[in-house]
>>> print(open('entry-v1.cif').read())   # mmCIF, C-alpha atoms
data_target
#
loop_
_atom_site.label_atom_id
_atom_site.label_comp_id
_atom_site.auth_asym_id
_atom_site.auth_seq_id
_atom_site.Cartn_x
_atom_site.Cartn_y
_atom_site.Cartn_z
CA MET A 28 -6.62 -0.88 18.05
CA SER A 29 -9.07 2.00 17.90
CA LEU A 30 -11.55 2.42 15.12
CA CYS A 31 -11.49 5.69 13.26
CA GLN A 32 -14.59 7.84 13.55
CA GLU A 33 -15.11 7.85 9.79
CA GLU A 34 -15.29 4.03 9.68
CA ILE A 35 -17.70 3.87 12.62
CA LEU A 36 -20.10 6.33 10.99
CA ALA A 37 -19.82 4.65 7.59
CA MET A 38 -20.43 1.27 9.21
CA ARG A 39 -23.64 2.50 10.85
CA ARG A 40 -24.89 3.80 7.51
CA CYS A 41 -23.87 0.57 5.74
CA ARG A 42 -25.86 -1.46 8.24
CA ARG A 43 -28.89 0.59 7.25
CA GLY A 44 -28.22 -0.38 3.61
CA SER A 45 -26.39 2.71 2.33
CA LYS A 46 -24.37 1.84 -0.78
CA GLY A 47 -22.76 5.28 -0.65
CA ALA A 48 -21.29 4.54 2.77
CA PHE A 49 -20.02 1.19 1.55
CA GLU A 50 -18.21 2.97 -1.27
CA LEU A 51 -15.94 4.50 1.36
CA PHE A 52 -14.76 1.04 2.44
CA VAL A 53 -14.31 -0.06 -1.15
CA ARG A 54 -12.21 2.97 -2.08
CA LYS A 55 -10.15 2.63 1.09
CA TYR A 56 -9.36 -1.07 0.74
CA MET A 57 -9.67 -1.85 -2.99
CA LYS A 58 -5.93 -1.80 -3.68
CA GLU A 59 -5.20 -3.85 -0.57
CA ALA A 60 -7.86 -6.39 -1.63
CA TYR A 61 -6.65 -6.60 -5.22
CA PHE A 62 -2.98 -7.06 -4.34
CA ILE A 63 -3.69 -9.66 -1.65
CA ALA A 64 -5.86 -11.60 -4.10
CA LEU A 65 -3.14 -11.25 -6.73
CA GLY A 66 -0.58 -12.64 -4.32
CA LEU A 67 -2.83 -15.55 -3.41
CA VAL A 68 -4.12 -16.56 -6.85
CA GLY A 69 -1.35 -15.24 -9.08
CA ASN A 70 -3.15 -13.69 -12.03
CA ARG A 71 -4.70 -10.31 -12.65
CA GLU A 72 -8.15 -11.19 -14.02
CA ASP A 73 -8.92 -13.62 -11.21
CA ALA A 74 -7.55 -11.19 -8.61
CA MET A 75 -9.77 -8.38 -9.88
CA ASP A 76 -12.84 -10.60 -10.06
CA LEU A 77 -12.32 -12.21 -6.65
CA SER A 78 -11.55 -8.95 -4.87
CA GLN A 79 -14.73 -7.38 -6.27
CA GLU A 80 -16.79 -10.44 -5.40
CA ALA A 81 -15.44 -10.26 -1.84
CA PHE A 82 -16.71 -6.68 -1.54
CA VAL A 83 -20.13 -7.70 -2.86
CA ARG A 84 -20.34 -10.50 -0.27
CA ALA A 85 -19.14 -8.14 2.45
CA TYR A 86 -21.93 -5.68 1.53
CA ARG A 87 -24.57 -8.41 1.64
CA ASN A 88 -23.38 -9.66 5.03
CA ILE A 89 -22.38 -6.38 6.63
CA LYS A 90 -24.89 -6.89 9.46
CA GLN A 91 -22.88 -9.91 10.64
CA LEU A 92 -19.92 -7.68 11.40
CA ASN A 93 -19.76 -6.53 14.98
CA PRO A 94 -19.81 -2.70 14.78
CA GLN A 95 -17.02 -2.58 17.38
CA ARG A 96 -14.68 -4.52 15.09
CA ARG A 97 -12.60 -3.13 12.27
CA PHE A 98 -13.83 -3.74 8.74
CA PHE A 99 -10.62 -4.98 7.16
CA PRO A 100 -9.84 -8.14 9.23
CA TRP A 101 -13.43 -9.30 8.75
CA PHE A 102 -13.35 -8.49 5.05
CA TYR A 103 -10.00 -10.25 4.74
CA GLN A 104 -11.59 -13.54 5.90
CA ILE A 105 -14.15 -13.30 3.09
CA LEU A 106 -11.48 -12.49 0.51
CA LYS A 107 -9.15 -15.22 1.68
CA ASN A 108 -11.89 -17.87 1.68
CA LEU A 109 -12.91 -16.89 -1.84
CA CYS A 110 -9.31 -17.04 -3.08
CA PHE A 111 -8.57 -20.39 -1.43
CA SER A 112 -11.81 -21.88 -2.71
CA HIS A 113 -10.94 -20.60 -6.20
CA LEU A 114 -7.49 -22.22 -5.93
CA ARG A 115 -9.02 -25.52 -4.79
CA LYS A 116 -11.35 -25.53 -7.81
CA ARG A 117 -8.46 -24.66 -10.10
CA ARG A 118 -6.32 -27.49 -8.71
CA ARG A 119 -9.21 -29.94 -9.12
CA ARG A 120 -9.70 -28.81 -12.73
CA GLN A 121 -5.99 -29.16 -13.44
CA THR A 122 -5.85 -32.60 -11.83
CA SER A 123 -8.92 -33.89 -13.68
CA SER A 124 -7.81 -32.49 -17.04
CA LEU A 125 -4.40 -34.06 -16.56
CA ASP A 126 -5.96 -37.34 -15.45
CA ALA A 127 -7.97 -37.37 -18.63
CA THR A 128 -4.83 -37.26 -20.74
CA ASP A 129 -3.07 -39.87 -18.59
CA CYS A 130 -0.34 -37.44 -17.64
CA PRO A 131 1.65 -38.73 -14.64
CA GLU A 132 2.37 -35.23 -13.36
CA VAL A 133 -0.25 -33.50 -11.26
CA GLY A 134 -0.72 -29.81 -12.04
CA ALA A 135 1.26 -27.58 -9.71
CA VAL A 136 -0.33 -24.53 -8.15
CA ASP A 137 2.16 -22.22 -9.85
CA ASP A 138 0.89 -23.15 -13.32
CA SER A 139 -1.38 -20.13 -13.26
CA PHE A 140 1.02 -17.78 -11.51
CA GLU A 141 1.82 -15.31 -14.28
CA PRO A 142 5.32 -13.83 -14.24
CA GLU A 143 3.73 -10.76 -15.91
CA VAL A 144 2.34 -9.63 -12.57
CA ILE A 145 5.84 -8.86 -11.28
CA ALA A 146 6.93 -5.28 -11.96
CA ASP A 147 10.59 -5.91 -12.71
CA ARG A 148 11.29 -9.33 -14.11
CA ASN A 149 14.69 -10.82 -13.83
CA GLU A 150 15.46 -14.49 -13.31
CA THR A 151 15.83 -14.25 -9.52
CA LYS A 152 12.54 -12.39 -9.08
CA LYS A 153 10.76 -14.83 -11.32
CA ALA A 154 12.20 -17.70 -9.29
CA VAL A 155 11.04 -16.04 -6.03
CA TRP A 156 7.54 -15.55 -7.44
CA LYS A 157 7.39 -19.19 -8.57
CA ALA A 158 8.62 -20.37 -5.18
CA ILE A 159 5.95 -18.28 -3.42
CA ALA A 160 3.36 -19.94 -5.66
CA ARG A 161 4.52 -23.34 -4.48
CA LEU A 162 4.07 -22.58 -0.78
CA ASP A 163 1.12 -23.95 1.20
CA ASP A 164 -1.87 -21.61 1.33
CA LYS A 165 -1.26 -20.57 4.95
CA HIS A 166 2.44 -19.96 4.35
CA ARG A 167 1.87 -18.04 1.12
CA GLU A 168 -0.67 -15.93 2.95
CA VAL A 169 1.80 -14.68 5.59
CA ILE A 170 4.47 -13.97 2.97
CA ILE A 171 2.00 -11.91 0.91
CA LEU A 172 0.75 -9.95 3.91
CA ARG A 173 4.23 -9.22 5.20
CA HIS A 174 6.28 -8.69 2.04
CA PHE A 175 3.74 -7.33 -0.42
CA ARG A 176 1.37 -5.43 1.86
CA ASN A 177 3.82 -4.52 4.63
CA LEU A 178 1.43 -5.43 7.42
CA SER A 179 2.88 -5.35 10.93
CA TYR A 180 2.72 -8.49 13.09
CA GLU A 181 -0.14 -6.95 15.04
CA GLN A 182 -2.14 -6.21 11.89
CA MET A 183 -1.42 -9.71 10.57
CA ALA A 184 -2.55 -11.29 13.83
CA GLU A 185 -5.78 -9.29 13.64
CA ALA A 186 -6.39 -10.29 10.01
CA LEU A 187 -5.57 -13.95 10.61
CA PHE A 188 -7.54 -14.17 13.88
CA CYS A 189 -4.54 -15.53 15.76
CA ASN A 190 -1.87 -14.23 18.13
CA LYS A 191 1.49 -12.68 17.28
CA GLY A 192 3.30 -15.88 18.27
CA THR A 193 1.42 -17.83 15.62
CA VAL A 194 2.24 -15.14 13.05
CA THR A 195 5.99 -15.33 13.75
CA SER A 196 5.92 -19.10 13.79
CA ARG A 197 4.11 -19.25 10.42
CA LEU A 198 6.50 -16.69 8.99
CA TYR A 199 9.46 -18.73 10.17
CA TYR A 200 8.23 -21.94 8.51
CA ALA A 201 7.10 -20.09 5.38
CA ARG A 202 10.51 -18.51 4.96
CA LYS A 203 12.27 -21.75 5.75
CA ARG A 204 10.27 -23.49 3.02
CA LEU A 205 10.93 -20.61 0.63
CA LYS A 206 14.62 -20.90 1.40
CA GLU A 207 14.50 -24.61 0.55
CA LEU A 208 12.63 -23.97 -2.68
CA LEU A 209 15.04 -21.27 -3.78
CA GLY A 210 18.08 -23.18 -2.64
CA SER A 211 20.38 -21.65 -0.08
CA GLY A 212 23.29 -23.87 -1.06
CA LYS A 213 25.94 -23.32 -3.73
CA GLY A 214 24.35 -22.13 -6.96
CA GLY A 215 21.02 -21.38 -5.27
CA CYS A 216 19.19 -18.07 -5.73
CA ILE A 217 19.86 -16.96 -2.18
CA ASN A 218 23.61 -17.16 -2.58
CA GLU A 219 23.47 -14.72 -5.50
CA VAL A 220 22.62 -11.94 -3.04
CA SER A 221 25.74 -10.29 -1.68
CA MET B 29 16.54 -21.51 25.92
CA LYS B 30 17.27 -23.78 22.94
CA CYS B 31 18.06 -22.49 19.44
CA HIS B 32 14.54 -23.38 18.30
CA ASP B 33 13.12 -20.99 20.89
CA TYR B 34 14.90 -18.10 19.17
CA LYS B 35 13.00 -18.50 15.88
CA ASP B 36 10.36 -15.95 16.92
CA LEU B 37 13.05 -13.46 17.89
CA MET B 38 14.83 -14.14 14.60
CA MET B 39 11.72 -13.26 12.59
CA GLY B 40 11.03 -10.22 14.77
CA TYR B 41 14.62 -9.05 14.31
CA LEU B 42 14.38 -9.43 10.54
CA ASP B 43 11.12 -7.50 10.38
CA ASP B 44 12.11 -4.86 12.91
CA GLU B 45 9.39 -5.86 15.34
CA LEU B 46 11.49 -6.29 18.50
CA SER B 47 12.05 -4.11 21.53
CA MET B 48 15.61 -3.03 22.35
CA GLU B 49 15.81 -5.64 25.09
CA GLN B 50 14.69 -8.43 22.72
CA ARG B 51 17.13 -7.28 20.03
CA GLY B 52 19.94 -7.42 22.57
CA ARG B 53 18.97 -10.94 23.61
CA PHE B 54 18.91 -12.14 20.04
CA GLU B 55 22.24 -10.50 19.14
CA GLU B 56 23.80 -12.06 22.19
CA HIS B 57 22.53 -15.49 21.11
CA ILE B 58 23.76 -15.36 17.52
CA ALA B 59 27.14 -14.04 18.66
CA GLY B 60 27.64 -17.38 20.40
CA CYS B 61 25.76 -19.73 18.06
CA GLY B 62 27.18 -20.43 14.63
CA ASP B 63 24.14 -22.38 13.36
CA CYS B 64 21.67 -19.63 14.24
CA ALA B 65 24.00 -16.96 12.85
CA LYS B 66 24.22 -18.88 9.54
CA GLU B 67 20.46 -19.37 9.39
CA PHE B 68 19.91 -15.70 10.19
CA GLU B 69 22.26 -14.64 7.34
CA GLU B 70 20.32 -16.84 4.91
CA PHE B 71 17.01 -15.38 6.09
CA LYS B 72 18.42 -11.87 5.64
CA LYS B 73 19.35 -12.66 2.03
CA LEU B 74 15.96 -14.26 1.43
CA LYS B 75 14.19 -11.20 2.81
CA ALA B 76 16.30 -8.94 0.61
CA ILE B 77 15.35 -10.77 -2.59
CA THR B 78 11.71 -11.20 -1.57
CA ASP B 79 11.40 -7.50 -0.76
CA GLU B 80 12.64 -6.66 -4.24
CA VAL B 81 9.72 -8.43 -5.91
CA ALA B 82 7.06 -5.81 -6.60
CA LEU B 83 3.67 -6.45 -8.16
CA VAL B 84 2.55 -4.51 -11.23
CA GLU B 85 0.15 -1.66 -10.46
CA PRO B 86 -2.91 -1.86 -12.76
CA GLU B 87 -3.88 1.11 -14.96
CA ASP B 88 -5.71 3.99 -13.24
CA LYS B 89 -8.79 3.27 -15.37
CA LEU B 90 -9.24 -0.02 -13.53
CA TRP B 91 -9.36 1.74 -10.16
CA GLU B 92 -11.78 4.33 -11.54
CA ASP B 93 -14.16 1.58 -12.68
CA TYR B 94 -13.69 -0.58 -9.60
CA TRP B 95 -16.56 0.78 -7.50
CA GLY B 96 -18.85 0.94 -10.56
CA SER B 97 -18.34 -2.78 -11.14
CA ILE B 98 -19.14 -3.61 -7.53
CA TYR B 99 -22.22 -1.36 -7.57
CA ASN B 100 -23.50 -3.15 -10.69
CA ARG B 101 -22.94 -6.55 -9.10
CA ILE B 102 -24.83 -5.52 -5.96
CA GLU B 103 -27.70 -4.15 -8.05
CA ARG B 104 -27.81 -7.26 -10.24
CA GLY B 105 -27.84 -9.41 -7.10
CA VAL B 106 -31.01 -7.64 -5.92
CA GLY B 107 -32.49 -8.15 -9.40
CA TRP B 108 -31.72 -11.87 -9.30
CA ILE B 109 -33.33 -12.28 -5.88
CA LEU B 110 -36.49 -10.45 -7.00
CA MET B 111 -36.65 -12.45 -10.21
CA SER B 112 -36.14 -15.76 -8.42
CA VAL B 113 -38.79 -15.03 -5.78
CA ALA B 114 -41.27 -13.88 -8.43
CA GLY B 115 -40.46 -16.95 -10.58
CA ILE B 116 -41.05 -19.33 -7.68
CA LEU B 117 -44.34 -17.62 -6.78
CA LEU B 118 -45.54 -17.80 -10.39
CA LEU B 119 -44.54 -21.46 -10.66
CA ILE B 120 -46.40 -22.33 -7.44
CA TYR B 121 -49.48 -20.42 -8.61
CA GLY B 122 -49.39 -21.95 -12.10
CA GLY B 123 -48.83 -25.45 -10.70
CA PHE B 124 -51.67 -25.03 -8.24
CA LYS B 125 -54.05 -23.85 -10.98
CA LEU B 126 -53.06 -26.70 -13.27
CA ILE B 127 -53.60 -29.32 -10.60
CA GLU B 128 -56.91 -27.71 -9.63
CA GLU B 129 -58.08 -27.95 -13.25
CA ILE B 130 -57.05 -31.58 -13.59
CA VAL B 131 -58.70 -32.57 -10.30
CA LYS B 132 -61.95 -30.72 -11.15
CA ASP B 133 -62.11 -31.95 -14.75
CA PRO B 134 -64.34 -35.08 -14.86
CA SER B 135 -62.82 -36.18 -18.20
CA HIS B 136 -59.51 -37.12 -16.50
CA VAL B 137 -59.21 -40.61 -15.02
CA MET B 138 -59.17 -41.06 -11.25
CA THR B 139 -55.69 -42.72 -11.36
CA LEU B 140 -54.14 -39.50 -12.71
CA LYS B 141 -55.85 -37.41 -10.03
CA LEU B 142 -54.79 -39.75 -7.25
CA GLY B 143 -51.25 -39.88 -8.62
CA LEU B 144 -51.01 -36.10 -8.66
CA LEU B 145 -52.38 -35.73 -5.14
CA GLY B 146 -49.97 -38.41 -3.93
CA LEU B 147 -47.06 -36.56 -5.57
CA ILE B 148 -48.01 -33.29 -3.87
CA ALA B 149 -48.50 -34.99 -0.50
CA GLY B 150 -45.08 -36.70 -0.84
CA LEU B 151 -43.36 -33.44 -1.70
CA ALA B 152 -45.02 -31.68 1.22
CA ILE B 153 -43.93 -34.39 3.67
CA MET B 154 -40.35 -34.26 2.35
CA PHE B 155 -40.28 -30.46 2.62
CA VAL B 156 -41.55 -30.48 6.21
CA SER B 157 -39.07 -33.22 7.15
CA VAL B 158 -36.06 -31.34 5.73
CA LEU B 159 -37.23 -28.11 7.34
CA ARG B 160 -37.61 -29.82 10.74
CA GLU B 161 -34.16 -31.39 10.43
CA ARG B 162 -32.53 -28.06 9.54
CA LEU B 163 -34.29 -26.35 12.43
CA TYR B 164 -33.13 -29.08 14.82
CA PHE B 165 -29.46 -28.75 13.77
CA TRP B 166 -29.64 -24.97 13.75
CA LYS B 167 -30.87 -24.99 17.36
CA LYS B 168 -28.04 -27.34 18.37
CA ASP B 169 -25.34 -25.37 16.52
CA ARG B 170 -22.91 -24.18 19.19
CA TYR B 171 -21.39 -21.53 16.94
CA ARG B 172 -24.59 -19.86 15.69
CA ASP B 173 -24.32 -16.92 18.11
CA ILE B 174 -20.68 -16.21 17.38
CA ARG B 175 -20.31 -12.87 15.66
CA ARG B 176 -17.10 -11.87 13.99
#
>>> encode(input="entry-v1.cif", output="structure tokens")
Amino acid sequence: MSLCQEEILAMRRCRRGSKGAFELFVRKYMKEAYFIALGLVGNREDAMDLSQEAFVRAYRNIKQLNPQRRFFPWFYQILKNLCFSHLRKRRRRQTSSLDATDCPEVGAVDDSFEPEVIADRNETKKAVWKAIARLDDKHREVIILRHFRNLSYEQMAEALFCNKGTVTSRLYYARKRLKELLGSGKGGCINEVS
Amino acid sequence: MKCHDYKDLMMGYLDDELSMEQRGRFEEHIAGCGDCAKEFEEFKKLKAITDEVALVEPEDKLWEDYWGSIYNRIERGVGWILMSVAGILLLIYGGFKLIEEIVKDPSHVMTLKLGLLGLIAGLAIMFVSVLRERLYFWKKDRYRDIRR
């Protein structure tokens, strides 16, 4: 995949410490970053904070990025690591707070997945959103990239540092799990679709 | 090829990522395989309902302030680094002066002076040891030259 001239020039200036040049990357990818973070962590405040923090870290470490590589896949690794580490901390907090009250149930990851982040809320969409929240991190990741950001398999492979075969395989298992969570049998969400 | 081997083609077909030849191969397979055809139908329904879920777009104001927030964080980060470095330097200088005064002051007992010198020597040895260990592992790190 070829790099556009604008990104190459901006990258050179960024490496020399230009904040103005970095602004170009922020403006180009801010929506992408916010929505991916929103898909991964499930609430707006955290998504905004984590996506901005990812840009700050990218700016500080811009010299580590090979100038021949595209900005976004590299940036995506930073964003993803931040989101997953945030989720791990959240799960630990939920578990320890529940332990303290002797609750037998361990906090599920979807506890913080706000239904308010979905544009049109009906029961099926809310159920889909909750099911996505219950997927493993690596499965949720491919669903978010494919369904919410419309990335092609090639773009996903580049962002995930893997090959297209791995992308399709992860998508298959992610969707299979989603299908199980939503119920494809009689009375399940999937059967409501004509 | 077994049914399991068609899972990649099934995903590619759903997401419109296949060549004409691959599409033909997959269609041919599901025409003769009831299980795969059923699974494919379920995946199609799942994709339809998942595609309908859209995330709320934040207000325009948030996008307008987005870069400003990042700029402030970057600037504050530089401020923190400067402040921390200056703080450490001042602490070292202050500590050094204090110790110098205690050591030179004849009114303080020898035990205190020896104790202080021992503490500094211990800290210095520990610092050098940790530094040497870090350097050793850094040199042996196979991934240190990998650039993303």
>>> resolve_selection(input="entry-v1.cif", expression="the PyMOL selection byres ((chain A) within 8 of (chain B))", output="PyMOL selection string")
chain A and resi 46+50+53-54+57+62+79-80+82-83+91-93+96+101+143-147+151-152+155-156+174-175+179-180+192+195-196+198-199+202-203+206+211+217-218+220-221
>>> atom_distance(input="entry-v1.cif", atom1="CA of Leu77 in chain A", atom2="CA of Glu34 in chain A")
23.2 Å
>>> residues_around(input="entry-v1.cif", residues="Arg42 in chain A", least_positions_apart="2", cutoff="7 Å", atoms="all atoms listed in the file", output="ChimeraX atom specification")
/A:38-40,44,89-90
>>> atom_distance(input="entry-v1.cif", atom1="CA of Arg84 in chain A", atom2="CA of Leu106 in chain A")
9.1 Å
>>> closest_residue(input="entry-v1.cif", among="B:Glu161, B:His57, B:Asp88, B:Ile127", to="Leu147 in chain B", atoms="all atoms listed in the file")
B:Ile127
>>> resolve_selection(input="entry-v1.cif", expression="the PyMOL selection byres ((chain A and resi 59) around 10)", output="list in words")
Val53, Arg54, Lys55, Tyr56, Met57, Lys58, Ala60, Tyr61, Phe62, Ile63, Ala64, Leu65, Ser78, Phe99, Tyr103, Leu172, Phe175 and Arg176 of chain A
>>> atom_distance(input="entry-v1.cif", atom1="CA of Arg204 in chain A", atom2="CA of Ala158 in chain A")
8.9 Å
>>> residues_around(input="entry-v1.cif", residues="Leu144 in chain B", least_positions_apart="6", cutoff="10 Å", atoms="all atoms listed in the file", output="VMD selection string")
chain B and resid 127 130 to 131 138 150
>>> residues_near_point(input="entry-v1.cif", point="(8.7, -19.1, -7.0)", cutoff="10 Å", atoms="all atoms listed in the file", output="mmCIF file with C-alpha atoms, in the coordinates of the input")
data_model
loop_
_atom_site.group_PDB
_atom_site.id
_atom_site.type_symbol
_atom_site.label_atom_id
_atom_site.label_comp_id
_atom_site.auth_asym_id
_atom_site.auth_seq_id
_atom_site.Cartn_x
_atom_site.Cartn_y
_atom_site.Cartn_z
ATOM 1 C CA ASP A 137 2.160 -22.220 -9.850
ATOM 2 C CA PHE A 140 1.020 -17.780 -11.510
ATOM 3 C CA PRO A 142 5.320 -13.830 -14.240
ATOM 4 C CA THR A 151 15.830 -14.250 -9.520
ATOM 5 C CA LYS A 152 12.540 -12.390 -9.080
ATOM 6 C CA LYS A 153 10.760 -14.830 -11.320
ATOM 7 C CA ALA A 154 12.200 -17.700 -9.290
ATOM 8 C CA VAL A 155 11.040 -16.040 -6.030
ATOM 9 C CA TRP A 156 7.540 -15.550 -7.440
ATOM 10 C CA LYS A 157 7.390 -19.190 -8.570
ATOM 11 C CA ALA A 158 8.620 -20.370 -5.180
ATOM 12 C CA ILE A 159 5.950 -18.280 -3.420
ATOM 13 C CA ALA A 160 3.360 -19.940 -5.660
ATOM 14 C CA ARG A 161 4.520 -23.340 -4.480
ATOM 15 C CA LEU A 162 4.070 -22.580 -0.780
ATOM 16 C CA LEU A 205 10.930 -20.610 0.630
ATOM 17 C CA LEU A 208 12.630 -23.970 -2.680
ATOM 18 C CA LEU A 209 15.040 -21.270 -3.780
#
>>> decode(input="entry-v1.cif", residues="range 45-66 of chain B", atoms="C-alpha atoms", output="CSV table (one decimal), in the first residue's frame")
chain,number,residue,atom,x,y,z
B,45,GLU,CA,-13.9,-9.7,-0.4
B,46,LEU,CA,-13.8,-12.6,-2.9
B,47,SER,CA,-12.8,-12.9,-6.6
B,48,MET,CA,-15.3,-14.2,-9.1
B,49,GLU,CA,-13.6,-17.5,-9.1
B,50,GLN,CA,-13.7,-17.8,-5.3
B,51,ARG,CA,-17.3,-16.8,-5.2
B,52,GLY,CA,-18.2,-19.5,-7.7
B,53,ARG,CA,-16.3,-22.1,-5.7
B,54,PHE,CA,-18.2,-21.1,-2.5
B,55,GLU,CA,-21.6,-21.0,-4.2
B,56,GLU,CA,-20.9,-24.4,-5.7
B,57,HIS,CA,-20.1,-25.8,-2.2
B,58,ILE,CA,-23.2,-24.4,-0.4
B,59,ALA,CA,-25.4,-25.6,-3.2
B,60,GLY,CA,-24.4,-29.2,-2.2
B,61,CYS,CA,-23.9,-28.8,1.5
B,62,GLY,CA,-27.0,-28.2,3.7
B,63,ASP,CA,-25.0,-27.5,6.9
B,64,CYS,CA,-22.8,-24.9,5.4
B,65,ALA,CA,-25.8,-23.3,3.6
B,66,LYS,CA,-27.6,-23.1,7.0
